[in-house]
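To be precise, the following lines are work.pdb, and they hold PDB, C-alpha atoms.
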ATOM      1  CA  SER Q  69      33.687  33.347   0.590  1.00  0.00           C
ATOM      2  CA  PRO Q  70      34.628  30.516   2.984  1.00  0.00           C
ATOM      3  CA  LEU Q  71      34.772  28.051   0.089  1.00  0.00           C
ATOM      4  CA  SER Q  72      37.670  29.946  -1.473  1.00  0.00           C
ATOM      5  CA  GLN Q  73      39.625  30.400   1.762  1.00  0.00           C
ATOM      6  CA  ILE Q  74      39.285  27.231   3.785  1.00  0.00           C
ATOM      7  CA  SER Q  75      40.599  23.776   3.019  1.00  0.00           C
ATOM      8  CA  PHE Q  76      39.939  20.670   5.052  1.00  0.00           C
ATOM      9  CA  TYR Q  77      41.836  17.563   6.068  1.00  0.00           C
ATOM     10  CA  LEU Q  78      40.107  14.218   6.375  1.00  0.00           C
ATOM     11  CA  ASP Q  79      40.005  13.147  10.030  1.00  0.00           C
ATOM     12  CA  TYR Q  80      38.200   9.850   9.685  1.00  0.00           C
ATOM     13  CA  VAL Q  81      35.271   8.209   7.946  1.00  0.00           C
ATOM     14  CA  ALA Q  82      32.561   6.216   9.647  1.00  0.00           C
ATOM     15  CA  LEU Q  83      29.320   4.796   8.352  1.00  0.00           C
ATOM     16  CA  GLY Q  84      27.005   7.745   7.958  1.00  0.00           C
ATOM     17  CA  GLU Q  85      29.560  10.410   8.832  1.00  0.00           C
ATOM     18  CA  ILE Q  86      32.560  12.074   7.204  1.00  0.00           C
ATOM     19  CA  HIS Q  87      34.698  14.022   9.660  1.00  0.00           C
ATOM     20  CA  LEU Q  88      36.834  16.892   8.402  1.00  0.00           C
ATOM     21  CA  SER Q  89      38.821  19.523  10.229  1.00  0.00           C
ATOM     22  CA  PRO Q  90      39.714  22.968   8.882  1.00  0.00           C
ATOM     23  CA  GLN Q  91      43.324  23.501   7.878  1.00  0.00           C
ATOM     24  CA  MET Q  92      42.980  27.257   8.342  1.00  0.00           C
ATOM     25  CA  CYS Q  93      39.829  28.475  10.023  1.00  0.00           C
ATOM     26  CA  LEU Q  94      40.040  31.576  12.171  1.00  0.00           C
ATOM     27  CA  VAL Q  95      36.323  32.346  12.111  1.00  0.00           C
ATOM     28  CA  GLY Q  96      33.262  30.120  12.100  1.00  0.00           C
ATOM     29  CA  PHE Q  97      30.587  30.162   9.459  1.00  0.00           C
ATOM     30  CA  VAL Q  98      27.384  28.427   8.483  1.00  0.00           C
ATOM     31  CA  GLY Q  99      26.680  27.864   4.836  1.00  0.00           C
ATOM     32  CA  PRO Q 100      26.996  25.513   1.892  1.00  0.00           C
ATOM     33  CA  ILE Q 101      30.025  23.235   1.719  1.00  0.00           C
ATOM     34  CA  ARG Q 102      31.137  21.700  -1.577  1.00  0.00           C
ATOM     35  CA  PHE Q 103      32.373  18.144  -0.955  1.00  0.00           C
ATOM     36  CA  GLY Q 104      33.165  16.238  -4.112  1.00  0.00           C
ATOM     37  CA  GLY Q 105      30.023  16.428  -6.211  1.00  0.00           C
ATOM     38  CA  LEU Q 106      27.866  17.322  -3.218  1.00  0.00           C
ATOM     39  CA  ILE Q 107      26.816  20.696  -1.878  1.00  0.00           C
ATOM     40  CA  LEU Q 108      25.834  20.430   1.770  1.00  0.00           C
ATOM     41  CA  GLN Q 109      24.622  22.854   4.394  1.00  0.00           C
ATOM     42  CA  ALA Q 110      27.016  22.784   7.326  1.00  0.00           C
ATOM     43  CA  GLY Q 111      28.629  24.900   9.984  1.00  0.00           C
ATOM     44  CA  VAL Q 112      32.292  25.240  10.889  1.00  0.00           C
ATOM     45  CA  ILE Q 113      33.519  26.078  14.377  1.00  0.00           C
ATOM     46  CA  PRO Q 114      37.176  27.140  14.636  1.00  0.00           C
ATOM     47  CA  GLY Q 115      39.400  24.305  15.834  1.00  0.00           C
ATOM     48  CA  ARG Q 116      36.619  21.733  15.713  1.00  0.00           C
ATOM     49  CA  SER Q 117      35.827  18.888  13.352  1.00  0.00           C
ATOM     50  CA  LEU Q 118      33.181  19.294  10.688  1.00  0.00           C
ATOM     51  CA  VAL Q 119      30.790  16.337  10.487  1.00  0.00           C
ATOM     52  CA  LEU Q 120      29.016  15.671   7.211  1.00  0.00           C
ATOM     53  CA  PRO Q 121      26.151  13.191   7.794  1.00  0.00           C
ATOM     54  CA  VAL Q 122      26.029  11.780   4.272  1.00  0.00           C
ATOM     55  CA  THR Q 123      26.350   8.399   2.612  1.00  0.00           C
ATOM     56  CA  PRO Q 124      26.777   8.956  -1.147  1.00  0.00           C
ATOM     57  CA  ARG Q 125      27.595   5.947  -3.292  1.00  0.00           C
ATOM     58  CA  GLY Q 126      31.334   5.360  -3.316  1.00  0.00           C
ATOM     59  CA  TRP Q 127      32.030   7.814  -0.492  1.00  0.00           C
ATOM     60  CA  GLN Q 128      34.386   5.370   1.221  1.00  0.00           C
ATOM     61  CA  SER Q 129      36.550   4.853  -1.840  1.00  0.00           C
ATOM     62  CA  SER Q 130      39.951   6.505  -2.008  1.00  0.00           C
ATOM     63  CA  ARG Q 131      39.081   7.707  -5.530  1.00  0.00           C
ATOM     64  CA  PHE Q 132      36.101   9.629  -4.166  1.00  0.00           C
ATOM     65  CA  LEU Q 133      38.182  11.167  -1.395  1.00  0.00           C
ATOM     66  CA  ARG Q 134      40.956  12.158  -3.794  1.00  0.00           C
ATOM     67  CA  GLY Q 135      38.325  13.934  -5.861  1.00  0.00           C
ATOM     68  CA  CYS Q 136      37.233  16.102  -2.945  1.00  0.00           C
ATOM     69  CA  SER Q 137      38.940  19.456  -3.169  1.00  0.00           C
ATOM     70  CA  MET Q 138      38.761  20.013   0.591  1.00  0.00           C
ATOM     71  CA  ALA Q 139      39.979  16.617   1.791  1.00  0.00           C
ATOM     72  CA  GLN Q 140      43.407  15.019   1.860  1.00  0.00           C
ATOM     73  CA  GLN Q 141      44.185  11.459   2.899  1.00  0.00           C
ATOM     74  CA  GLU Q 142      46.804  12.519   5.379  1.00  0.00           C
ATOM     75  CA  GLU Q 143      46.687  11.931   9.106  1.00  0.00           C
ATOM     76  CA  ARG Q 144      46.350  15.195  10.953  1.00  0.00           C
ATOM     77  CA  GLY Q 145      45.930  15.967  14.613  1.00  0.00           C
ATOM     78  CA  VAL Q 146      42.872  17.815  15.844  1.00  0.00           C
ATOM     79  CA  ALA Q 147      42.905  20.348  18.660  1.00  0.00           C
ATOM     80  CA  PRO Q 148      41.478  18.930  21.907  1.00  0.00           C
ATOM     81  CA  PRO Q 149      37.813  19.753  22.511  1.00  0.00           C
ATOM     82  CA  VAL Q 150      36.815  22.426  24.977  1.00  0.00           C
ATOM     83  CA  ASP Q 151      34.655  19.877  26.795  1.00  0.00           C
ATOM     84  CA  PHE Q 152      36.146  16.396  27.076  1.00  0.00           C
ATOM     85  CA  ASN Q 153      32.743  15.080  28.200  1.00  0.00           C
ATOM     86  CA  GLU Q 154      31.335  15.567  24.717  1.00  0.00           C
ATOM     87  CA  ASP Q 155      30.590  12.357  22.859  1.00  0.00           C
ATOM     88  CA  THR Q 156      32.997  11.198  20.186  1.00  0.00           C
ATOM     89  CA  ILE Q 157      32.268   8.714  17.434  1.00  0.00           C
ATOM     90  CA  PHE Q 158      33.678   5.987  19.695  1.00  0.00           C
ATOM     91  CA  GLU Q 159      30.968   6.492  22.333  1.00  0.00           C
ATOM     92  CA  LYS Q 160      28.431   6.027  19.532  1.00  0.00           C
ATOM     93  CA  ILE Q 161      30.140   2.806  18.450  1.00  0.00           C
ATOM     94  CA  ILE Q 162      30.191   1.514  22.041  1.00  0.00           C
ATOM     95  CA  ARG Q 163      26.450   2.234  22.324  1.00  0.00           C
ATOM     96  CA  LYS Q 164      25.906   0.474  18.956  1.00  0.00           C
ATOM     97  CA  GLU Q 165      24.496   3.670  17.442  1.00  0.00           C
ATOM     98  CA  ILE Q 166      27.052   3.411  14.636  1.00  0.00           C
ATOM     99  CA  PRO Q 167      27.893  -0.010  13.190  1.00  0.00           C
ATOM    100  CA  ALA Q 168      31.429  -1.327  13.291  1.00  0.00           C
ATOM    101  CA  THR Q 169      33.158  -4.603  12.482  1.00  0.00           C
ATOM    102  CA  VAL Q 170      33.766  -5.753  16.039  1.00  0.00           C
ATOM    103  CA  VAL Q 171      36.493  -8.345  16.574  1.00  0.00           C
ATOM    104  CA  HIS Q 172      36.499  -8.348  20.384  1.00  0.00           C
ATOM    105  CA  GLU Q 173      34.314  -7.113  23.211  1.00  0.00           C
ATOM    106  CA  ASP Q 174      34.447  -7.593  26.955  1.00  0.00           C
ATOM    107  CA  ASP Q 175      33.338  -5.649  30.011  1.00  0.00           C
ATOM    108  CA  LEU Q 176      36.230  -3.194  29.755  1.00  0.00           C
ATOM    109  CA  CYS Q 177      36.955  -2.659  26.082  1.00  0.00           C
ATOM    110  CA  LEU Q 178      35.828  -2.947  22.496  1.00  0.00           C
ATOM    111  CA  ALA Q 179      37.937  -3.674  19.414  1.00  0.00           C
ATOM    112  CA  PHE Q 180      36.887  -3.134  15.811  1.00  0.00           C
ATOM    113  CA  ARG Q 181      38.427  -2.807  12.379  1.00  0.00           C
ATOM    114  CA  ASP Q 182      39.536   0.650  11.283  1.00  0.00           C
ATOM    115  CA  ILE Q 183      37.363   1.821   8.415  1.00  0.00           C
ATOM    116  CA  ASN Q 184      40.428   3.437   6.785  1.00  0.00           C
ATOM    117  CA  PRO Q 185      43.132   0.785   7.321  1.00  0.00           C
ATOM    118  CA  VAL Q 186      46.771   1.656   6.727  1.00  0.00           C
ATOM    119  CA  ALA Q 187      47.768  -2.030   6.637  1.00  0.00           C
ATOM    120  CA  PRO Q 188      46.101  -5.367   5.855  1.00  0.00           C
ATOM    121  CA  SER Q 189      45.274  -5.651   9.555  1.00  0.00           C
ATOM    122  CA  HIS Q 190      44.330  -2.413  11.316  1.00  0.00           C
ATOM    123  CA  ILE Q 191      42.213  -2.679  14.454  1.00  0.00           C
ATOM    124  CA  LEU Q 192      41.312  -0.132  17.113  1.00  0.00           C
ATOM    125  CA  VAL Q 193      41.046  -1.106  20.778  1.00  0.00           C
ATOM    126  CA  ILE Q 194      39.135   1.353  22.941  1.00  0.00           C
ATOM    127  CA  PRO Q 195      38.181   1.363  26.621  1.00  0.00           C
ATOM    128  CA  LYS Q 196      34.466   1.500  27.346  1.00  0.00           C
ATOM    129  CA  GLY Q 197      35.163   4.001  30.100  1.00  0.00           C
ATOM    130  CA  LYS Q 198      36.274   7.256  28.548  1.00  0.00           C
ATOM    131  CA  ILE Q 199      39.858   8.440  28.936  1.00  0.00           C
ATOM    132  CA  PRO Q 200      40.290  11.267  26.416  1.00  0.00           C
ATOM    133  CA  MET Q 201      44.078  10.989  26.065  1.00  0.00           C
ATOM    134  CA  LEU Q 202      46.816   8.733  27.361  1.00  0.00           C
ATOM    135  CA  SER Q 203      48.376  11.754  29.056  1.00  0.00           C
ATOM    136  CA  MET Q 204      45.160  12.165  31.062  1.00  0.00           C
ATOM    137  CA  ALA Q 205      45.273   8.623  32.468  1.00  0.00           C
ATOM    138  CA  GLN Q 206      45.510   8.406  36.244  1.00  0.00           C
ATOM    139  CA  PRO Q 207      47.027   5.782  38.595  1.00  0.00           C
ATOM    140  CA  GLN Q 208      43.590   4.192  38.993  1.00  0.00           C
ATOM    141  CA  HIS Q 209      43.618   3.430  35.262  1.00  0.00           C
ATOM    142  CA  LYS Q 210      46.709   1.225  35.338  1.00  0.00           C
ATOM    143  CA  ASP Q 211      44.758  -2.044  35.368  1.00  0.00           C
ATOM    144  CA  LEU Q 212      42.608  -0.869  32.468  1.00  0.00           C
ATOM    145  CA  LEU Q 213      45.655   0.241  30.475  1.00  0.00           C
ATOM    146  CA  GLY Q 214      47.279  -3.132  31.063  1.00  0.00           C
ATOM    147  CA  HIS Q 215      44.087  -4.855  29.971  1.00  0.00           C
ATOM    148  CA  LEU Q 216      44.074  -2.873  26.725  1.00  0.00           C
ATOM    149  CA  MET Q 217      47.652  -3.909  25.956  1.00  0.00           C
ATOM    150  CA  LEU Q 218      47.053  -7.585  26.757  1.00  0.00           C
ATOM    151  CA  THR Q 219      43.853  -7.561  24.708  1.00  0.00           C
ATOM    152  CA  ALA Q 220      45.721  -5.998  21.792  1.00  0.00           C
ATOM    153  CA  ALA Q 221      48.327  -8.781  21.934  1.00  0.00           C
ATOM    154  CA  GLN Q 222      45.605 -11.451  22.016  1.00  0.00           C
ATOM    155  CA  ILE Q 223      43.839  -9.881  19.029  1.00  0.00           C
ATOM    156  CA  ALA Q 224      47.114  -9.718  17.102  1.00  0.00           C
ATOM    157  CA  GLU Q 225      47.611 -13.428  17.742  1.00  0.00           C
ATOM    158  CA  LYS Q 226      44.093 -14.200  16.478  1.00  0.00           C
ATOM    159  CA  GLU Q 227      44.807 -12.071  13.411  1.00  0.00           C
ATOM    160  CA  GLY Q 228      47.816 -14.249  12.636  1.00  0.00           C
ATOM    161  CA  LEU Q 229      50.307 -11.414  13.037  1.00  0.00           C
ATOM    162  CA  ASP Q 230      53.032 -13.805  14.161  1.00  0.00           C
ATOM    163  CA  LYS Q 231      55.688 -12.015  12.075  1.00  0.00           C
ATOM    164  CA  GLY Q 232      55.132  -8.790  13.961  1.00  0.00           C
ATOM    165  CA  PHE Q 233      52.795  -5.880  14.463  1.00  0.00           C
ATOM    166  CA  ARG Q 234      52.799  -2.353  15.849  1.00  0.00           C
ATOM    167  CA  ILE Q 235      50.788  -0.771  18.665  1.00  0.00           C
ATOM    168  CA  VAL Q 236      50.262   2.967  18.204  1.00  0.00           C
ATOM    169  CA  VAL Q 237      48.713   5.469  20.609  1.00  0.00           C
ATOM    170  CA  ASN Q 238      48.313   9.011  19.312  1.00  0.00           C
ATOM    171  CA  ASN Q 239      48.275  11.661  22.022  1.00  0.00           C
ATOM    172  CA  GLY Q 240      47.300  15.263  21.393  1.00  0.00           C
ATOM    173  CA  PHE Q 241      47.421  17.507  18.356  1.00  0.00           C
ATOM    174  CA  GLU Q 242      51.092  17.002  17.493  1.00  0.00           C
ATOM    175  CA  GLY Q 243      50.697  13.276  18.117  1.00  0.00           C
ATOM    176  CA  CYS Q 244      48.029  13.200  15.368  1.00  0.00           C
ATOM    177  CA  GLN Q 245      45.159  12.381  17.710  1.00  0.00           C
ATOM    178  CA  SER Q 246      41.868  13.018  15.927  1.00  0.00           C
ATOM    179  CA  VAL Q 247      39.400  11.290  18.274  1.00  0.00           C
ATOM    180  CA  TYR Q 248      39.661  12.274  21.917  1.00  0.00           C
ATOM    181  CA  HIS Q 249      38.820   8.889  23.352  1.00  0.00           C
ATOM    182  CA  LEU Q 250      41.924   6.826  24.088  1.00  0.00           C
ATOM    183  CA  HIS Q 251      42.474   4.128  21.499  1.00  0.00           C
ATOM    184  CA  LEU Q 252      45.196   1.692  20.531  1.00  0.00           C
ATOM    185  CA  HIS Q 253      45.935   0.985  16.887  1.00  0.00           C
ATOM    186  CA  ILE Q 254      46.963  -2.597  16.093  1.00  0.00           C
ATOM    187  CA  ILE Q 255      48.735  -2.409  12.735  1.00  0.00           C
ATOM    188  CA  GLY Q 256      50.234  -5.376  10.917  1.00  0.00           C
ATOM    189  CA  GLY Q 257      50.062  -7.799   8.049  1.00  0.00           C
ATOM    190  CA  LYS Q 258      52.914  -6.182   6.119  1.00  0.00           C
ATOM    191  CA  LYS Q 259      56.496  -4.990   6.650  1.00  0.00           C
ATOM    192  CA  LEU Q 260      56.261  -1.692   8.505  1.00  0.00           C
ATOM    193  CA  GLY Q 261      58.716   1.142   8.121  1.00  0.00           C
ATOM    194  CA  TRP Q 262      60.613   3.115  10.756  1.00  0.00           C
ATOM    195  CA  PRO Q 263      60.503   5.803  11.954  1.00  0.00           C
ATOM    196  CA  PRO Q 264      56.709   6.040  11.768  1.00  0.00           C
ATOM    197  CA  CYS Q 265      56.664   9.851  11.520  1.00  0.00           C
TER
END
Here is a file; write its structure as structure tokens.
Amino acid sequence: SPLSQISFYLDYVALGEIHLSPQMCLVGFVGPIRFGGLILQAGVIPGRSLVLPVTPRGWQSSRFLRGCSMAQQEERGVAPPVDFNEDTIFEKIIRKEIPATVVHEDDLCLAFRDINPVAPSHILVIPKGKIPMLSMAQPQHKDLLGHLMLTAAQIAEKEGLDKGFRIVVNNGFEGCQSVYHLHLHIIGGKKLGWPPC
């Protein structure tokens, strides 16, 4: 059965949704998925994320995630979607359909705290206009890209990251991109290691 053959990696967690992607999934299926103590009806499409629309008590805790046999707290890239026009979770956050802890918003971008921070300060900065990947940016985007970088620096200053911080942009599957809407990670508040890989 699929439950005995397929394992999943945690992509990201948002309020109301748990996103997983199959580690090895050559065929799709629709059926029950065991996730921690839950059994859910869901479908899996090869190379695509699995979205579980659930909010069990404690689902955001690392202890709960460690107890899920099909999830690992390890950053993994996701294959690009077939249709880049499909909504991602970030479009839903921009439209205020999914709540987020917003720290900055202007006409061009939105910044909010990562729900799974890897450091005391971990903020995502996203453009309101969709660019799926940095490698897909065009010359007409240069002002927007500069605005994202300047905004990130201003947010880092407000966060008190005067001792240093890191800006990360994941691009593509091997770059560990899991949401195909360009976003900058502002990471700081502790001594960071190098290399990051």
> How far is it from atom CA of Ile254 of chain Q to atom CA of Val237 of chain Q, in Å with one decimal?
Replying inline: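 Atom-to-atom, atom CA of Ile254 of chain Q to atom CA of Val237 of chain Q, that is 9.4 Å.
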> Which distance in Å separates atom CA of His249 of chain Q and atom CA of Lys231 of chain Q, to one decimal?
Replying inline: 29.1 Å
>> For Gln208 of chain Q, find every residue with an atom within 12 Å (counting all atoms listed in the file), except residues of its own chain fewer than 5 positions away, and show them as a list of chain:residue names.
In response: Q:Ile199, Q:Leu213, Q:Gly214
>> Could you check the closest approach to Ser246 of chain Q for each of Q:Gly228, Q:Pro185, Q:Met201, Q:Asp151 and tell me which residue wins, using only C-alpha atoms?
In response: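 Checking each of Q:Gly228, Q:Pro185, Q:Met201, Q:Asp151 against Ser246 of chain Q, counting only C-alpha atoms, the winner is Q:Met201.
Between atom CA of Ala220 of chain Q and atom CA of His190 of chain Q the interatomic distance comes to 11.2 Å.
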>> For Gln245 of chain Q, find every residue with an atom within 10 Å (counting all atoms listed in the file), except residues of its own chain fewer than 6 positions away, and show them as a list of chain:residue names.
In response: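 The filter keeps Q:Asp79, Q:Glu143, Q:Arg144, Q:Gly145, Q:Val146, Q:Ala147, Q:Pro148, Q:Met201, Q:Val237, Q:Asn238, Q:Asn239, Q:His251.
If only C-alpha atoms are the atoms counted, then among Q:Val171, Q:Ile183, Q:Phe152, Q:Phe233 the closest residue to Met204 of chain Q is Q:Phe152.
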> Care to translate the PyMOL selection byres ((chain Q and resi 170) around 10) into actual residues of this file, as a list of chain:residue names?
Replying inline: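 On the file shown, the PyMOL selection byres ((chain Q and resi 170) around 10) covers Q:Ile161, Q:Pro167, Q:Ala168, Q:Thr169, Q:Val171, Q:His172, Q:Glu173, Q:Leu178, Q:Ala179, Q:Phe180, Q:Arg181, Q:Asp182, Q:Ile191, Q:Leu192, Q:Val193.
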Keeping only C-alpha atoms, write those residues as an mmCIF file, in the frame of the given file.
data_model
loop_
_atom_site.group_PDB
_atom_site.id
_atom_site.type_symbol
_atom_site.label_atom_id
_atom_site.label_comp_id
_atom_site.auth_asym_id
_atom_site.auth_seq_id
_atom_site.Cartn_x
_atom_site.Cartn_y
_atom_site.Cartn_z
ATOM 1 C CA ILE Q 161 30.140 2.806 18.450
ATOM 2 C CA PRO Q 167 27.893 -0.010 13.190
ATOM 3 C CA ALA Q 168 31.429 -1.327 13.291
ATOM 4 C CA THR Q 169 33.158 -4.603 12.482
ATOM 5 C CA VAL Q 171 36.493 -8.345 16.574
ATOM 6 C CA HIS Q 172 36.499 -8.348 20.384
ATOM 7 C CA GLU Q 173 34.314 -7.113 23.211
ATOM 8 C CA LEU Q 178 35.828 -2.947 22.496
ATOM 9 C CA ALA Q 179 37.937 -3.674 19.414
ATOM 10 C CA PHE Q 180 36.887 -3.134 15.811
ATOM 11 C CA ARG Q 181 38.427 -2.807 12.379
ATOM 12 C CA ASP Q 182 39.536 0.650 11.283
ATOM 13 C CA ILE Q 191 42.213 -2.679 14.454
ATOM 14 C CA LEU Q 192 41.312 -0.132 17.113
ATOM 15 C CA VAL Q 193 41.046 -1.106 20.778
#
> Which residue, Q:Ser189, Q:Pro195, Q:Ile223, Q:Ala205, has the smallest gap to Glu159 of chain Q when you use only C-alpha atoms?
Replying inline: Q:Pro195
>> Could you list, as a ChimeraX atom specification, every residue matched by the PyMOL selection byres ((chain Q and resi 155) around 12) in this structure?
In response: /Q:149,151-154,156-163,165,197-200,247-249
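Using all atoms listed in the file, the nearest neighbour of Ile194 of chain Q within the list Q:Phe241, Q:Arg234, Q:His215, Q:Lys259 is Q:His215.
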